[in-house]
Amino acid sequence: MVVVVVGAQWGDEGKGKVVDILSEYADCIVRYQGGNNAGHTVVIGEEKIILHLLPTGILHPGKTCVIANGVVVDPEVLLEEIETVRSRGYFKEDTRLLVSDRAHLIFPYHRRLDAVKEKLRGSGRIGTTGRGIGPSYEDKIARCGIRCGDLLREEIFRAKLKANLSEKNHYFIHFMNEKGYEFYEIYNRYMELGERLKGYIGDTSRYLNDAIKAGKSVLFEGAQGTLLDIDHGTYPYVTSSNTVSGGVCTGAGIGPTMIDKVIGISKAYTTRVGEGPFPTELKGEEGRRLRDVGLEYGATTGRPRRCGWLDIVALRYAVRVNGLSGVVITKLDVLSGLDKVYICTAYEYEGERIEDFPGDLHILNNCTPVYEEMDGWKDDLSGVRSFDDLPSNARRYIRRIEELIETEVIMISFGARRREALILKNPFEG
């Protein structure tokens, strides 16, 4: 069974917890896009663990984890994360991690370019994390990127780094009036990092195809969310990779016919970090309440998230572009205590009702959400162990979401811990 998990909103939907739960049923867990701009938070007992590059399955013994070719890898961050996870008693076997030889590397000049370009955008800034993700992908598309496999061939790495630094230093010195980079400082450091990583690097596409043909269960773990996809998101306020389910094929080197199910993760409300349109954003006390109760601060950056009511227009769009076979609703507990809850079922723009998510940012920035009001619930959800244990109004809320998006809710999460979730239908079964 091959299952893909993607974010169905603007990221931060709780994918880390969901993948952690589903990892129990998978043999292999795979990251296929993004970089250390992602932050997946997992709570095990009273212990909170935040992962940026390592697949969430690394916290489960006996699982193989793959960082595939579509990921951009900062080797400093990856090695630091490996040591952190090991120091907490996880990932004791080196053979459990594979890193694609085709995955592109992030260098110090990528991080610096990220910060410089964001500063130059001024009021038009995108809201990047400054981790060098975009500039690394830029080099990849410009066909001058340096890949993990290059670390294993010293002369090739030397030639590629020398060519890249010549261009990057020219930009820093002549356009930014700043100091450039010294070749051997980066070269020596990355040769050292390569020596430490070489045991993990290999052909992950071959490994994954062989595993799937052998009947292994594989779980693909997306980063960010559908509305941050470079092609299908709210461009240009997006990330630099394909976050939708189609990104699995190019980002991991498997064919589309190998995918059995695609699961989308959505909060019971909506959040986004950074700049860009957000039709259901609540800027007053209601938005602050969602942020405070939901602890809505970025796992990677710590930035406060913008909060608003659930946007069904956007969620239906995510169902369509990902081909979702099921949806997980997270953070249902954050809505507990409200007299009324609201669902955005359409937008209005210049007197016209819009039910399809538009690609025109002018419309998104100037539309008015059309809300459906529902009765809220006061109950604490921490003791819920079955769907029937949920308050009747919470059950109605879930069923209404299913009706509006014409897709089944297969899991409900109502807290940070593993036990605070209901699996209504396990995607790895049947």
# chains A, B, ... in the order shown; residues from 1 in each chain; ligands from 1

call {"tool": "residues_around", "arguments": {"residues": "Arg153 (chain A)", "least_positions_apart": "6", "cutoff": "12 Å", "atoms": "only C-alpha atoms", "output": "CSV table (one decimal) with all heavy atoms, in the first residue's frame"}}
result
chain,number,residue,atom,x,y,z
A,101,ASP,N,21.0,10.7,-3.8
A,101,ASP,CA,22.2,11.3,-4.4
A,101,ASP,C,21.8,12.4,-5.3
A,101,ASP,O,22.7,13.2,-5.7
A,101,ASP,CB,23.1,10.2,-5.1
A,101,ASP,CG,22.3,9.4,-6.1
A,101,ASP,OD1,21.1,9.7,-6.3
A,101,ASP,OD2,22.9,8.5,-6.7
A,146,ILE,N,24.3,21.9,-7.0
A,146,ILE,CA,25.2,20.9,-6.5
A,146,ILE,C,24.4,19.9,-5.7
A,146,ILE,O,23.7,20.3,-4.8
A,146,ILE,CB,26.4,21.5,-5.7
A,146,ILE,CG1,27.1,22.6,-6.5
A,146,ILE,CG2,27.3,20.4,-5.3
A,146,ILE,CD1,28.2,23.3,-5.8
A,147,ARG,N,24.6,18.6,-6.0
A,147,ARG,CA,23.7,17.6,-5.4
A,147,ARG,C,24.5,16.7,-4.4
A,147,ARG,O,25.7,16.8,-4.3
A,147,ARG,CB,23.2,16.7,-6.5
A,147,ARG,CG,22.4,17.4,-7.6
A,147,ARG,CD,21.6,16.6,-8.5
A,147,ARG,NE,22.4,15.7,-9.3
A,147,ARG,CZ,21.9,14.9,-10.3
A,147,ARG,NH1,20.6,14.9,-10.5
A,147,ARG,NH2,22.6,14.1,-11.0
A,159,ALA,N,35.0,21.6,-8.8
A,159,ALA,CA,34.7,22.3,-10.0
A,159,ALA,C,33.4,23.0,-10.0
A,159,ALA,O,33.2,24.2,-10.3
A,159,ALA,CB,34.8,21.4,-11.2
A,160,LYS,N,32.3,22.3,-9.5
A,160,LYS,CA,31.0,22.9,-9.4
A,160,LYS,C,31.0,24.1,-8.4
A,160,LYS,O,30.4,25.1,-8.7
A,160,LYS,CB,30.0,21.9,-9.1
A,160,LYS,CG,29.7,20.9,-10.2
A,160,LYS,CD,28.5,20.0,-9.8
A,160,LYS,CE,28.2,19.1,-11.0
A,160,LYS,NZ,27.0,18.2,-10.7
A,190,TYR,N,32.3,21.4,3.5
A,190,TYR,CA,31.4,20.5,2.9
A,190,TYR,C,32.1,19.1,2.6
A,190,TYR,O,31.3,18.1,2.5
A,190,TYR,CB,30.8,21.1,1.6
A,190,TYR,CG,29.6,21.9,2.0
A,190,TYR,CD1,29.6,23.1,2.7
A,190,TYR,CD2,28.3,21.5,1.6
A,190,TYR,CE1,28.5,23.8,3.1
A,190,TYR,CE2,27.2,22.2,1.9
A,190,TYR,CZ,27.3,23.4,2.7
A,190,TYR,OH,26.2,24.1,3.0
A,191,MET,N,33.4,19.1,2.4
A,191,MET,CA,34.0,17.8,2.3
A,191,MET,C,33.9,17.1,3.6
A,191,MET,O,33.7,15.8,3.6
A,191,MET,CB,35.5,18.0,1.9
A,191,MET,CG,35.7,18.3,0.4
A,191,MET,SD,35.4,16.9,-0.7
A,191,MET,CE,33.7,17.2,-1.2
A,194,GLY,N,30.3,15.9,3.9
A,194,GLY,CA,30.1,14.8,3.0
A,194,GLY,C,30.7,13.5,3.5
A,194,GLY,O,30.1,12.4,3.3
A,195,GLU,N,31.8,13.6,4.2
A,195,GLU,CA,32.4,12.4,4.8
A,195,GLU,C,31.4,11.8,5.8
A,195,GLU,O,31.3,10.5,5.9
A,195,GLU,CB,33.7,12.7,5.4
A,195,GLU,CG,34.5,11.5,6.0
A,195,GLU,CD,34.9,10.5,4.9
A,195,GLU,OE1,35.1,10.9,3.8
A,195,GLU,OE2,35.1,9.3,5.3
A,198,LYS,N,28.2,10.3,3.8
A,198,LYS,CA,28.3,9.4,2.7
A,198,LYS,C,27.6,8.1,2.9
A,198,LYS,O,27.2,7.4,1.9
A,198,LYS,CB,29.8,9.2,2.3
A,198,LYS,CG,30.6,8.5,3.3
A,198,LYS,CD,32.1,8.4,2.8
A,198,LYS,CE,32.9,7.6,3.8
A,198,LYS,NZ,34.3,7.5,3.3

call {"tool": "residues_around", "arguments": {"residues": "Val273 (chain A)", "least_positions_apart": "2", "cutoff": "8 Å", "atoms": "only C-alpha atoms", "output": "list in words"}}
result
Trp10, Gly127, Thr271, Glu275, Gly298, Arg303, Pro304, Arg305 and Arg306 of chain A

call {"tool": "residues_around", "arguments": {"residues": "region 372-377 of chain A", "least_positions_apart": "5", "cutoff": "8 Å", "atoms": "only C-alpha atoms", "output": "JSON, numbers by chain"}}
result
{"A": [335, 336, 337, 338, 339, 340, 341, 342, 343, 344, 345, 391, 393, 394, 397]}

call {"tool": "write_last_selection", "arguments": {"atoms": "N, CA and C atoms", "output": "PDB file, in the first residue's frame"}}
result
ATOM      1  N   LEU A 335     -11.821  24.620  18.776  1.00  0.00           N
ATOM      2  CA  LEU A 335     -13.137  25.249  18.606  1.00  0.00           C
ATOM      3  C   LEU A 335     -14.046  25.022  19.812  1.00  0.00           C
ATOM      4  N   SER A 336     -13.657  24.131  20.724  1.00  0.00           N
ATOM      5  CA  SER A 336     -14.470  23.890  21.915  1.00  0.00           C
ATOM      6  C   SER A 336     -14.579  25.167  22.748  1.00  0.00           C
ATOM      7  N   GLY A 337     -15.780  25.427  23.240  1.00  0.00           N
ATOM      8  CA  GLY A 337     -16.013  26.617  24.056  1.00  0.00           C
ATOM      9  C   GLY A 337     -16.653  27.759  23.308  1.00  0.00           C
ATOM     10  N   LEU A 338     -16.811  27.617  21.995  1.00  0.00           N
ATOM     11  CA  LEU A 338     -17.436  28.675  21.190  1.00  0.00           C
ATOM     12  C   LEU A 338     -18.946  28.455  21.092  1.00  0.00           C
ATOM     13  N   ASP A 339     -19.708  29.542  21.191  1.00  0.00           N
ATOM     14  CA  ASP A 339     -21.167  29.441  21.031  1.00  0.00           C
ATOM     15  C   ASP A 339     -21.537  29.136  19.584  1.00  0.00           C
ATOM     16  N   LYS A 340     -20.808  29.742  18.665  1.00  0.00           N
ATOM     17  CA  LYS A 340     -21.058  29.554  17.236  1.00  0.00           C
ATOM     18  C   LYS A 340     -19.746  29.288  16.513  1.00  0.00           C
ATOM     19  N   VAL A 341     -19.794  28.457  15.486  1.00  0.00           N
ATOM     20  CA  VAL A 341     -18.655  28.258  14.598  1.00  0.00           C
ATOM     21  C   VAL A 341     -19.122  28.541  13.170  1.00  0.00           C
ATOM     22  N   TYR A 342     -18.182  28.935  12.333  1.00  0.00           N
ATOM     23  CA  TYR A 342     -18.550  29.372  10.989  1.00  0.00           C
ATOM     24  C   TYR A 342     -17.706  28.642   9.945  1.00  0.00           C
ATOM     25  N   ILE A 343     -18.357  28.342   8.828  1.00  0.00           N
ATOM     26  CA  ILE A 343     -17.687  27.712   7.690  1.00  0.00           C
ATOM     27  C   ILE A 343     -17.890  28.605   6.475  1.00  0.00           C
ATOM     28  N   CYS A 344     -16.798  28.946   5.800  1.00  0.00           N
ATOM     29  CA  CYS A 344     -16.898  29.722   4.567  1.00  0.00           C
ATOM     30  C   CYS A 344     -17.227  28.757   3.425  1.00  0.00           C
ATOM     31  N   THR A 345     -18.406  28.922   2.822  1.00  0.00           N
ATOM     32  CA  THR A 345     -18.855  28.016   1.765  1.00  0.00           C
ATOM     33  C   THR A 345     -18.695  28.609   0.365  1.00  0.00           C
ATOM     34  N   PRO A 391     -19.209  15.661  21.105  1.00  0.00           N
ATOM     35  CA  PRO A 391     -20.466  16.394  21.278  1.00  0.00           C
ATOM     36  C   PRO A 391     -21.271  16.373  19.978  1.00  0.00           C
ATOM     37  N   ASN A 393     -22.889  18.587  18.356  1.00  0.00           N
ATOM     38  CA  ASN A 393     -22.615  19.686  17.430  1.00  0.00           C
ATOM     39  C   ASN A 393     -21.261  19.537  16.747  1.00  0.00           C
ATOM     40  N   ALA A 394     -20.313  18.921  17.441  1.00  0.00           N
ATOM     41  CA  ALA A 394     -19.015  18.642  16.814  1.00  0.00           C
ATOM     42  C   ALA A 394     -19.182  17.581  15.733  1.00  0.00           C
ATOM     43  N   TYR A 397     -20.628  19.218  12.773  1.00  0.00           N
ATOM     44  CA  TYR A 397     -19.618  20.029  12.095  1.00  0.00           C
ATOM     45  C   TYR A 397     -18.791  19.161  11.147  1.00  0.00           C
TER      46      TYR A 397
END

call {"tool": "residues_around", "arguments": {"residues": "Val262 (chain A)", "least_positions_apart": "4", "cutoff": "10 Å", "atoms": "only C-alpha atoms", "output": "NGL selection string"}}
result
:A and (2-6 or 219-220 or 244-245 or 319 or 322-327 or 427)

call {"tool": "select_by_dssp", "arguments": {"residues": "region 30-226 of chain A", "states": "alpha helix (DSSP H)", "output": "mmCIF file with N, CA and C atoms, in the first residue's frame"}}
result
data_model
loop_
_atom_site.group_PDB
_atom_site.id
_atom_site.type_symbol
_atom_site.label_atom_id
_atom_site.label_comp_id
_atom_site.auth_asym_id
_atom_site.auth_seq_id
_atom_site.Cartn_x
_atom_site.Cartn_y
_atom_site.Cartn_z
ATOM 1 N N PRO A 75 23.163 20.212 4.749
ATOM 2 C CA PRO A 75 23.833 19.121 5.464
ATOM 3 C C PRO A 75 24.137 19.445 6.920
ATOM 4 N N GLU A 76 24.394 20.707 7.215
ATOM 5 C CA GLU A 76 24.622 21.103 8.613
ATOM 6 C C GLU A 76 23.382 20.808 9.447
ATOM 7 N N VAL A 77 22.229 21.203 8.923
ATOM 8 C CA VAL A 77 20.965 21.012 9.646
ATOM 9 C C VAL A 77 20.644 19.536 9.782
ATOM 10 N N LEU A 78 20.841 18.776 8.698
ATOM 11 C CA LEU A 78 20.524 17.352 8.738
ATOM 12 C C LEU A 78 21.361 16.626 9.787
ATOM 13 N N LEU A 79 22.666 16.872 9.799
ATOM 14 C CA LEU A 79 23.528 16.190 10.764
ATOM 15 C C LEU A 79 23.221 16.614 12.202
ATOM 16 N N GLU A 80 22.907 17.879 12.377
ATOM 17 C CA GLU A 80 22.528 18.356 13.711
ATOM 18 C C GLU A 80 21.236 17.690 14.173
ATOM 19 N N GLU A 81 20.300 17.541 13.242
ATOM 20 C CA GLU A 81 19.024 16.910 13.578
ATOM 21 C C GLU A 81 19.218 15.432 13.911
ATOM 22 N N ILE A 82 20.077 14.767 13.165
ATOM 23 C CA ILE A 82 20.382 13.360 13.452
ATOM 24 C C ILE A 82 20.933 13.222 14.875
ATOM 25 N N GLU A 83 21.868 14.089 15.246
ATOM 26 C CA GLU A 83 22.460 14.018 16.578
ATOM 27 C C GLU A 83 21.430 14.316 17.665
ATOM 28 N N THR A 84 20.549 15.275 17.399
ATOM 29 C CA THR A 84 19.521 15.631 18.383
ATOM 30 C C THR A 84 18.576 14.465 18.622
ATOM 31 N N VAL A 85 18.116 13.857 17.532
ATOM 32 C CA VAL A 85 17.189 12.730 17.647
ATOM 33 C C VAL A 85 17.859 11.554 18.361
ATOM 34 N N ARG A 86 19.121 11.309 18.026
ATOM 35 C CA ARG A 86 19.849 10.216 18.683
ATOM 36 C C ARG A 86 20.020 10.473 20.178
ATOM 37 N N SER A 87 20.290 11.718 20.535
ATOM 38 C CA SER A 87 20.506 12.047 21.935
ATOM 39 C C SER A 87 19.250 11.845 22.773
ATOM 40 N N PRO A 108 25.856 28.177 2.290
ATOM 41 C CA PRO A 108 25.737 29.465 2.985
ATOM 42 C C PRO A 108 25.301 30.603 2.072
ATOM 43 N N TYR A 109 25.783 30.590 0.814
ATOM 44 C CA TYR A 109 25.389 31.680 -0.081
ATOM 45 C C TYR A 109 23.909 31.622 -0.440
ATOM 46 N N HIS A 110 23.286 30.457 -0.372
ATOM 47 C CA HIS A 110 21.842 30.361 -0.611
ATOM 48 C C HIS A 110 21.072 31.071 0.505
ATOM 49 N N ARG A 111 21.504 30.827 1.736
ATOM 50 C CA ARG A 111 20.823 31.477 2.861
ATOM 51 C C ARG A 111 20.978 32.986 2.792
ATOM 52 N N ARG A 112 22.156 33.428 2.417
ATOM 53 C CA ARG A 112 22.404 34.871 2.325
ATOM 54 C C ARG A 112 21.599 35.501 1.200
ATOM 55 N N LEU A 113 21.538 34.812 0.059
ATOM 56 C CA LEU A 113 20.735 35.312 -1.059
ATOM 57 C C LEU A 113 19.260 35.392 -0.683
ATOM 58 N N ASP A 114 18.784 34.417 0.072
ATOM 59 C CA ASP A 114 17.396 34.399 0.518
ATOM 60 C C ASP A 114 17.077 35.674 1.301
ATOM 61 N N ALA A 115 17.941 36.009 2.250
ATOM 62 C CA ALA A 115 17.727 37.189 3.084
ATOM 63 C C ALA A 115 17.834 38.482 2.275
ATOM 64 N N VAL A 116 18.823 38.548 1.383
ATOM 65 C CA VAL A 116 19.024 39.755 0.570
ATOM 66 C C VAL A 116 17.836 40.008 -0.342
ATOM 67 N N LYS A 117 17.383 38.961 -1.024
ATOM 68 C CA LYS A 117 16.269 39.127 -1.957
ATOM 69 C C LYS A 117 14.977 39.496 -1.240
ATOM 70 N N GLU A 118 14.763 38.926 -0.077
ATOM 71 C CA GLU A 118 13.560 39.262 0.684
ATOM 72 C C GLU A 118 13.602 40.727 1.130
ATOM 73 N N LYS A 119 14.778 41.179 1.526
ATOM 74 C CA LYS A 119 14.926 42.579 1.926
ATOM 75 C C LYS A 119 14.661 43.520 0.760
ATOM 76 N N LEU A 120 15.152 43.161 -0.425
ATOM 77 C CA LEU A 120 14.975 44.002 -1.607
ATOM 78 C C LEU A 120 13.514 44.086 -2.049
ATOM 79 N N ARG A 121 12.708 43.085 -1.694
ATOM 80 C CA ARG A 121 11.294 43.107 -2.087
ATOM 81 C C ARG A 121 10.506 44.160 -1.323
ATOM 82 N N ILE A 133 16.108 27.987 0.916
ATOM 83 C CA ILE A 133 15.367 26.987 0.144
ATOM 84 C C ILE A 133 15.165 27.452 -1.301
ATOM 85 N N GLY A 134 14.582 28.649 -1.467
ATOM 86 C CA GLY A 134 14.298 29.158 -2.803
ATOM 87 C C GLY A 134 15.535 29.281 -3.677
ATOM 88 N N PRO A 135 16.600 29.922 -3.197
ATOM 89 C CA PRO A 135 17.816 30.030 -4.012
ATOM 90 C C PRO A 135 18.422 28.676 -4.390
ATOM 91 N N SER A 136 18.292 27.666 -3.525
ATOM 92 C CA SER A 136 18.790 26.343 -3.885
ATOM 93 C C SER A 136 17.974 25.753 -5.031
ATOM 94 N N TYR A 137 16.656 25.899 -4.952
ATOM 95 C CA TYR A 137 15.808 25.442 -6.050
ATOM 96 C C TYR A 137 16.074 26.254 -7.330
ATOM 97 N N GLU A 138 16.389 27.543 -7.173
ATOM 98 C CA GLU A 138 16.725 28.365 -8.345
ATOM 99 C C GLU A 138 17.940 27.779 -9.069
ATOM 100 N N ASP A 139 18.966 27.414 -8.315
ATOM 101 C CA ASP A 139 20.157 26.814 -8.921
ATOM 102 C C ASP A 139 19.825 25.480 -9.583
ATOM 103 N N LYS A 140 18.928 24.724 -8.955
ATOM 104 C CA LYS A 140 18.507 23.454 -9.525
ATOM 105 C C LYS A 140 17.890 23.668 -10.903
ATOM 106 N N ILE A 141 16.971 24.618 -11.004
ATOM 107 C CA ILE A 141 16.293 24.885 -12.270
ATOM 108 C C ILE A 141 17.254 25.521 -13.282
ATOM 109 N N GLU A 154 35.139 14.250 -5.209
ATOM 110 C CA GLU A 154 35.818 15.478 -4.782
ATOM 111 C C GLU A 154 36.112 16.430 -5.935
ATOM 112 N N GLU A 155 36.614 15.932 -7.043
ATOM 113 C CA GLU A 155 36.992 16.812 -8.154
ATOM 114 C C GLU A 155 35.752 17.454 -8.799
ATOM 115 N N ILE A 156 34.699 16.665 -8.934
ATOM 116 C CA ILE A 156 33.453 17.210 -9.491
ATOM 117 C C ILE A 156 32.897 18.280 -8.565
ATOM 118 N N PHE A 157 32.899 17.996 -7.266
ATOM 119 C CA PHE A 157 32.389 18.961 -6.299
ATOM 120 C C PHE A 157 33.226 20.240 -6.346
ATOM 121 N N ARG A 158 34.532 20.099 -6.401
ATOM 122 C CA ARG A 158 35.430 21.254 -6.435
ATOM 123 C C ARG A 158 35.113 22.149 -7.639
ATOM 124 N N ALA A 159 34.964 21.551 -8.814
ATOM 125 C CA ALA A 159 34.717 22.326 -10.035
ATOM 126 C C ALA A 159 33.372 23.038 -9.971
ATOM 127 N N LYS A 160 32.345 22.342 -9.487
ATOM 128 C CA LYS A 160 31.008 22.942 -9.424
ATOM 129 C C LYS A 160 30.960 24.084 -8.405
ATOM 130 N N LEU A 161 31.584 23.871 -7.257
ATOM 131 C CA LEU A 161 31.583 24.918 -6.227
ATOM 132 C C LEU A 161 32.348 26.143 -6.708
ATOM 133 N N LYS A 162 33.467 25.935 -7.373
ATOM 134 C CA LYS A 162 34.276 27.051 -7.869
ATOM 135 C C LYS A 162 33.474 27.890 -8.865
ATOM 136 N N ALA A 163 32.744 27.214 -9.772
ATOM 137 C CA ALA A 163 31.937 27.930 -10.759
ATOM 138 C C ALA A 163 30.805 28.699 -10.087
ATOM 139 N N ASN A 164 30.153 28.080 -9.130
ATOM 140 C CA ASN A 164 29.045 28.741 -8.441
ATOM 141 C C ASN A 164 29.518 29.939 -7.627
ATOM 142 N N LEU A 165 30.619 29.777 -6.916
ATOM 143 C CA LEU A 165 31.117 30.883 -6.105
ATOM 144 C C LEU A 165 31.562 32.055 -6.969
ATOM 145 N N SER A 166 32.081 31.782 -8.139
ATOM 146 C CA SER A 166 32.473 32.860 -9.051
ATOM 147 C C SER A 166 31.274 33.736 -9.377
ATOM 148 N N GLU A 167 30.147 33.102 -9.654
ATOM 149 C CA GLU A 167 28.922 33.855 -9.976
ATOM 150 C C GLU A 167 28.345 34.532 -8.740
ATOM 151 N N LYS A 168 28.232 33.784 -7.645
ATOM 152 C CA LYS A 168 27.618 34.339 -6.426
ATOM 153 C C LYS A 168 28.448 35.492 -5.868
ATOM 154 N N ASN A 169 29.771 35.340 -5.847
ATOM 155 C CA ASN A 169 30.623 36.403 -5.316
ATOM 156 C C ASN A 169 30.556 37.656 -6.179
ATOM 157 N N HIS A 170 30.435 37.470 -7.481
ATOM 158 C CA HIS A 170 30.283 38.624 -8.374
ATOM 159 C C HIS A 170 29.039 39.414 -7.987
ATOM 160 N N TYR A 171 27.969 38.715 -7.694
ATOM 161 C CA TYR A 171 26.711 39.380 -7.299
ATOM 162 C C TYR A 171 26.886 40.113 -5.965
ATOM 163 N N PHE A 172 27.454 39.422 -4.979
ATOM 164 C CA PHE A 172 27.594 40.040 -3.662
ATOM 165 C C PHE A 172 28.529 41.257 -3.708
ATOM 166 N N ILE A 173 29.633 41.129 -4.422
ATOM 167 C CA ILE A 173 30.647 42.194 -4.424
ATOM 168 C C ILE A 173 30.221 43.390 -5.278
ATOM 169 N N HIS A 174 29.740 43.125 -6.499
ATOM 170 C CA HIS A 174 29.496 44.211 -7.444
ATOM 171 C C HIS A 174 28.079 44.773 -7.398
ATOM 172 N N PHE A 183 36.655 30.368 -1.086
ATOM 173 C CA PHE A 183 36.392 29.035 -1.635
ATOM 174 C C PHE A 183 36.687 27.927 -0.634
ATOM 175 N N TYR A 184 37.886 27.917 -0.070
ATOM 176 C CA TYR A 184 38.289 26.775 0.750
ATOM 177 C C TYR A 184 37.522 26.693 2.070
ATOM 178 N N GLU A 185 36.997 27.815 2.517
ATOM 179 C CA GLU A 185 36.193 27.788 3.743
ATOM 180 C C GLU A 185 34.972 26.889 3.545
ATOM 181 N N ILE A 186 34.287 27.072 2.409
ATOM 182 C CA ILE A 186 33.110 26.245 2.110
ATOM 183 C C ILE A 186 33.535 24.854 1.662
ATOM 184 N N TYR A 187 34.537 24.784 0.803
ATOM 185 C CA TYR A 187 34.982 23.502 0.256
ATOM 186 C C TYR A 187 35.389 22.526 1.371
ATOM 187 N N ASN A 188 36.230 22.989 2.262
ATOM 188 C CA ASN A 188 36.716 22.110 3.333
ATOM 189 C C ASN A 188 35.578 21.667 4.248
ATOM 190 N N ARG A 189 34.686 22.613 4.558
ATOM 191 C CA ARG A 189 33.574 22.280 5.445
ATOM 192 C C ARG A 189 32.653 21.251 4.798
ATOM 193 N N TYR A 190 32.341 21.410 3.518
ATOM 194 C CA TYR A 190 31.405 20.492 2.868
ATOM 195 C C TYR A 190 32.052 19.142 2.580
ATOM 196 N N MET A 191 33.353 19.107 2.395
ATOM 197 C CA MET A 191 34.025 17.817 2.280
ATOM 198 C C MET A 191 33.920 17.050 3.606
ATOM 199 N N GLU A 192 34.039 17.779 4.699
ATOM 200 C CA GLU A 192 33.900 17.156 6.021
ATOM 201 C C GLU A 192 32.467 16.650 6.228
ATOM 202 N N LEU A 193 31.479 17.498 5.851
ATOM 203 C CA LEU A 193 30.076 17.097 5.985
ATOM 204 C C LEU A 193 29.771 15.893 5.094
ATOM 205 N N GLY A 194 30.327 15.903 3.882
ATOM 206 C CA GLY A 194 30.124 14.799 2.961
ATOM 207 C C GLY A 194 30.663 13.489 3.508
ATOM 208 N N GLU A 195 31.793 13.556 4.177
ATOM 209 C CA GLU A 195 32.385 12.357 4.777
ATOM 210 C C GLU A 195 31.441 11.767 5.832
ATOM 211 N N ARG A 196 30.777 12.645 6.574
ATOM 212 C CA ARG A 196 29.853 12.182 7.619
ATOM 213 C C ARG A 196 28.533 11.680 7.047
ATOM 214 N N LEU A 197 28.173 12.167 5.865
ATOM 215 C CA LEU A 197 26.888 11.796 5.272
ATOM 216 C C LEU A 197 26.977 10.648 4.270
ATOM 217 N N THR A 204 17.721 6.553 -4.119
ATOM 218 C CA THR A 204 16.487 6.306 -3.371
ATOM 219 C C THR A 204 15.314 5.956 -4.282
ATOM 220 N N SER A 205 15.319 6.421 -5.515
ATOM 221 C CA SER A 205 14.258 6.051 -6.450
ATOM 222 C C SER A 205 14.278 4.541 -6.681
ATOM 223 N N ARG A 206 15.436 3.995 -6.904
ATOM 224 C CA ARG A 206 15.565 2.542 -7.086
ATOM 225 C C ARG A 206 15.087 1.815 -5.835
ATOM 226 N N TYR A 207 15.516 2.295 -4.673
ATOM 227 C CA TYR A 207 15.116 1.649 -3.427
ATOM 228 C C TYR A 207 13.594 1.641 -3.277
ATOM 229 N N LEU A 208 12.952 2.780 -3.523
ATOM 230 C CA LEU A 208 11.503 2.894 -3.337
ATOM 231 C C LEU A 208 10.734 2.025 -4.319
ATOM 232 N N ASN A 209 11.165 2.021 -5.567
ATOM 233 C CA ASN A 209 10.482 1.186 -6.551
ATOM 234 C C ASN A 209 10.604 -0.293 -6.195
ATOM 235 N N ASP A 210 11.777 -0.704 -5.756
ATOM 236 C CA ASP A 210 11.968 -2.102 -5.347
ATOM 237 C C ASP A 210 11.098 -2.436 -4.133
ATOM 238 N N ALA A 211 11.023 -1.497 -3.178
ATOM 239 C CA ALA A 211 10.232 -1.727 -1.964
ATOM 240 C C ALA A 211 8.749 -1.874 -2.289
ATOM 241 N N ILE A 212 8.246 -0.999 -3.165
ATOM 242 C CA ILE A 212 6.830 -1.061 -3.535
ATOM 243 C C ILE A 212 6.526 -2.357 -4.291
ATOM 244 N N LYS A 213 7.405 -2.745 -5.210
ATOM 245 C CA LYS A 213 7.200 -3.993 -5.957
ATOM 246 C C LYS A 213 7.244 -5.214 -5.043
#

call {"tool": "residues_around", "arguments": {"residues": "Val321 (chain A)", "least_positions_apart": "2", "cutoff": "12 Å", "atoms": "only C-alpha atoms", "output": "list in words"}}
result
Val6, Gly7, Ala8, Gly225, Thr226, Leu227, Asp229, Asp231, His232, Gly233, Asn242, Thr243, Val244, Ser245, Gly246, Gly247, Val262, Gly264, Ala314, Leu315, Arg316, Tyr317, Ala318, Val319, Gly323, Leu324, Ser325, Asp356 and Phe357 of chain A

call {"tool": "write_last_selection", "arguments": {"atoms": "C-alpha atoms", "output": "short mmCIF file (atom, residue, chain, number, x, y, z; two decimals), in the first residue's frame"}}
result
data_model
loop_
_atom_site.label_atom_id
_atom_site.label_comp_id
_atom_site.auth_asym_id
_atom_site.auth_seq_id
_atom_site.Cartn_x
_atom_site.Cartn_y
_atom_site.Cartn_z
CA VAL A 6 -0.34 16.32 1.99
CA GLY A 7 -1.33 19.58 3.61
CA ALA A 8 -4.70 20.78 2.35
CA GLY A 225 0.53 22.75 2.07
CA THR A 226 -1.47 22.79 -1.16
CA LEU A 227 -1.98 26.56 -1.18
CA ASP A 229 2.48 24.92 -4.06
CA ASP A 231 2.20 26.02 -9.41
CA HIS A 232 -1.15 25.64 -7.67
CA GLY A 233 -0.79 27.90 -4.63
CA ASN A 242 5.42 21.20 -5.61
CA THR A 243 3.63 20.43 -2.36
CA VAL A 244 0.64 18.70 -3.99
CA SER A 245 0.41 14.93 -4.40
CA GLY A 246 1.76 15.08 -7.96
CA GLY A 247 5.05 16.22 -6.48
CA VAL A 262 -3.90 10.47 -1.04
CA GLY A 264 -5.23 15.66 2.92
CA ALA A 314 -9.93 26.39 -0.56
CA LEU A 315 -10.44 22.90 0.87
CA ARG A 316 -12.52 21.79 -2.13
CA TYR A 317 -9.69 23.06 -4.34
CA ALA A 318 -7.21 20.95 -2.38
CA VAL A 319 -9.45 17.91 -2.87
CA GLY A 323 -7.17 13.87 -5.90
CA LEU A 324 -7.82 13.38 -2.18
CA SER A 325 -9.35 10.05 -1.17
CA ASP A 356 -14.15 27.71 -7.09
CA PHE A 357 -10.83 28.87 -5.65
#

call {"tool": "atom_distance", "arguments": {"atom1": "CA of Arg417 (chain A)", "atom2": "CA of Lys17 (chain A)"}}
result
7.9 Å

call {"tool": "closest_residue", "arguments": {"among": "A:Glu296, A:Ala223, A:Gly132, A:Val313", "to": "Pro358 (chain A)", "atoms": "only C-alpha atoms"}}
result
A:Val313

call {"tool": "residues_around", "arguments": {"residues": "Ala103 (chain A)", "least_positions_apart": "5", "cutoff": "12 Å", "atoms": "only C-alpha atoms", "output": "PyMOL selection string"}}
result
chain A and resi 31-35+66-75+98+136-137+140+145-151+201-205+250-253
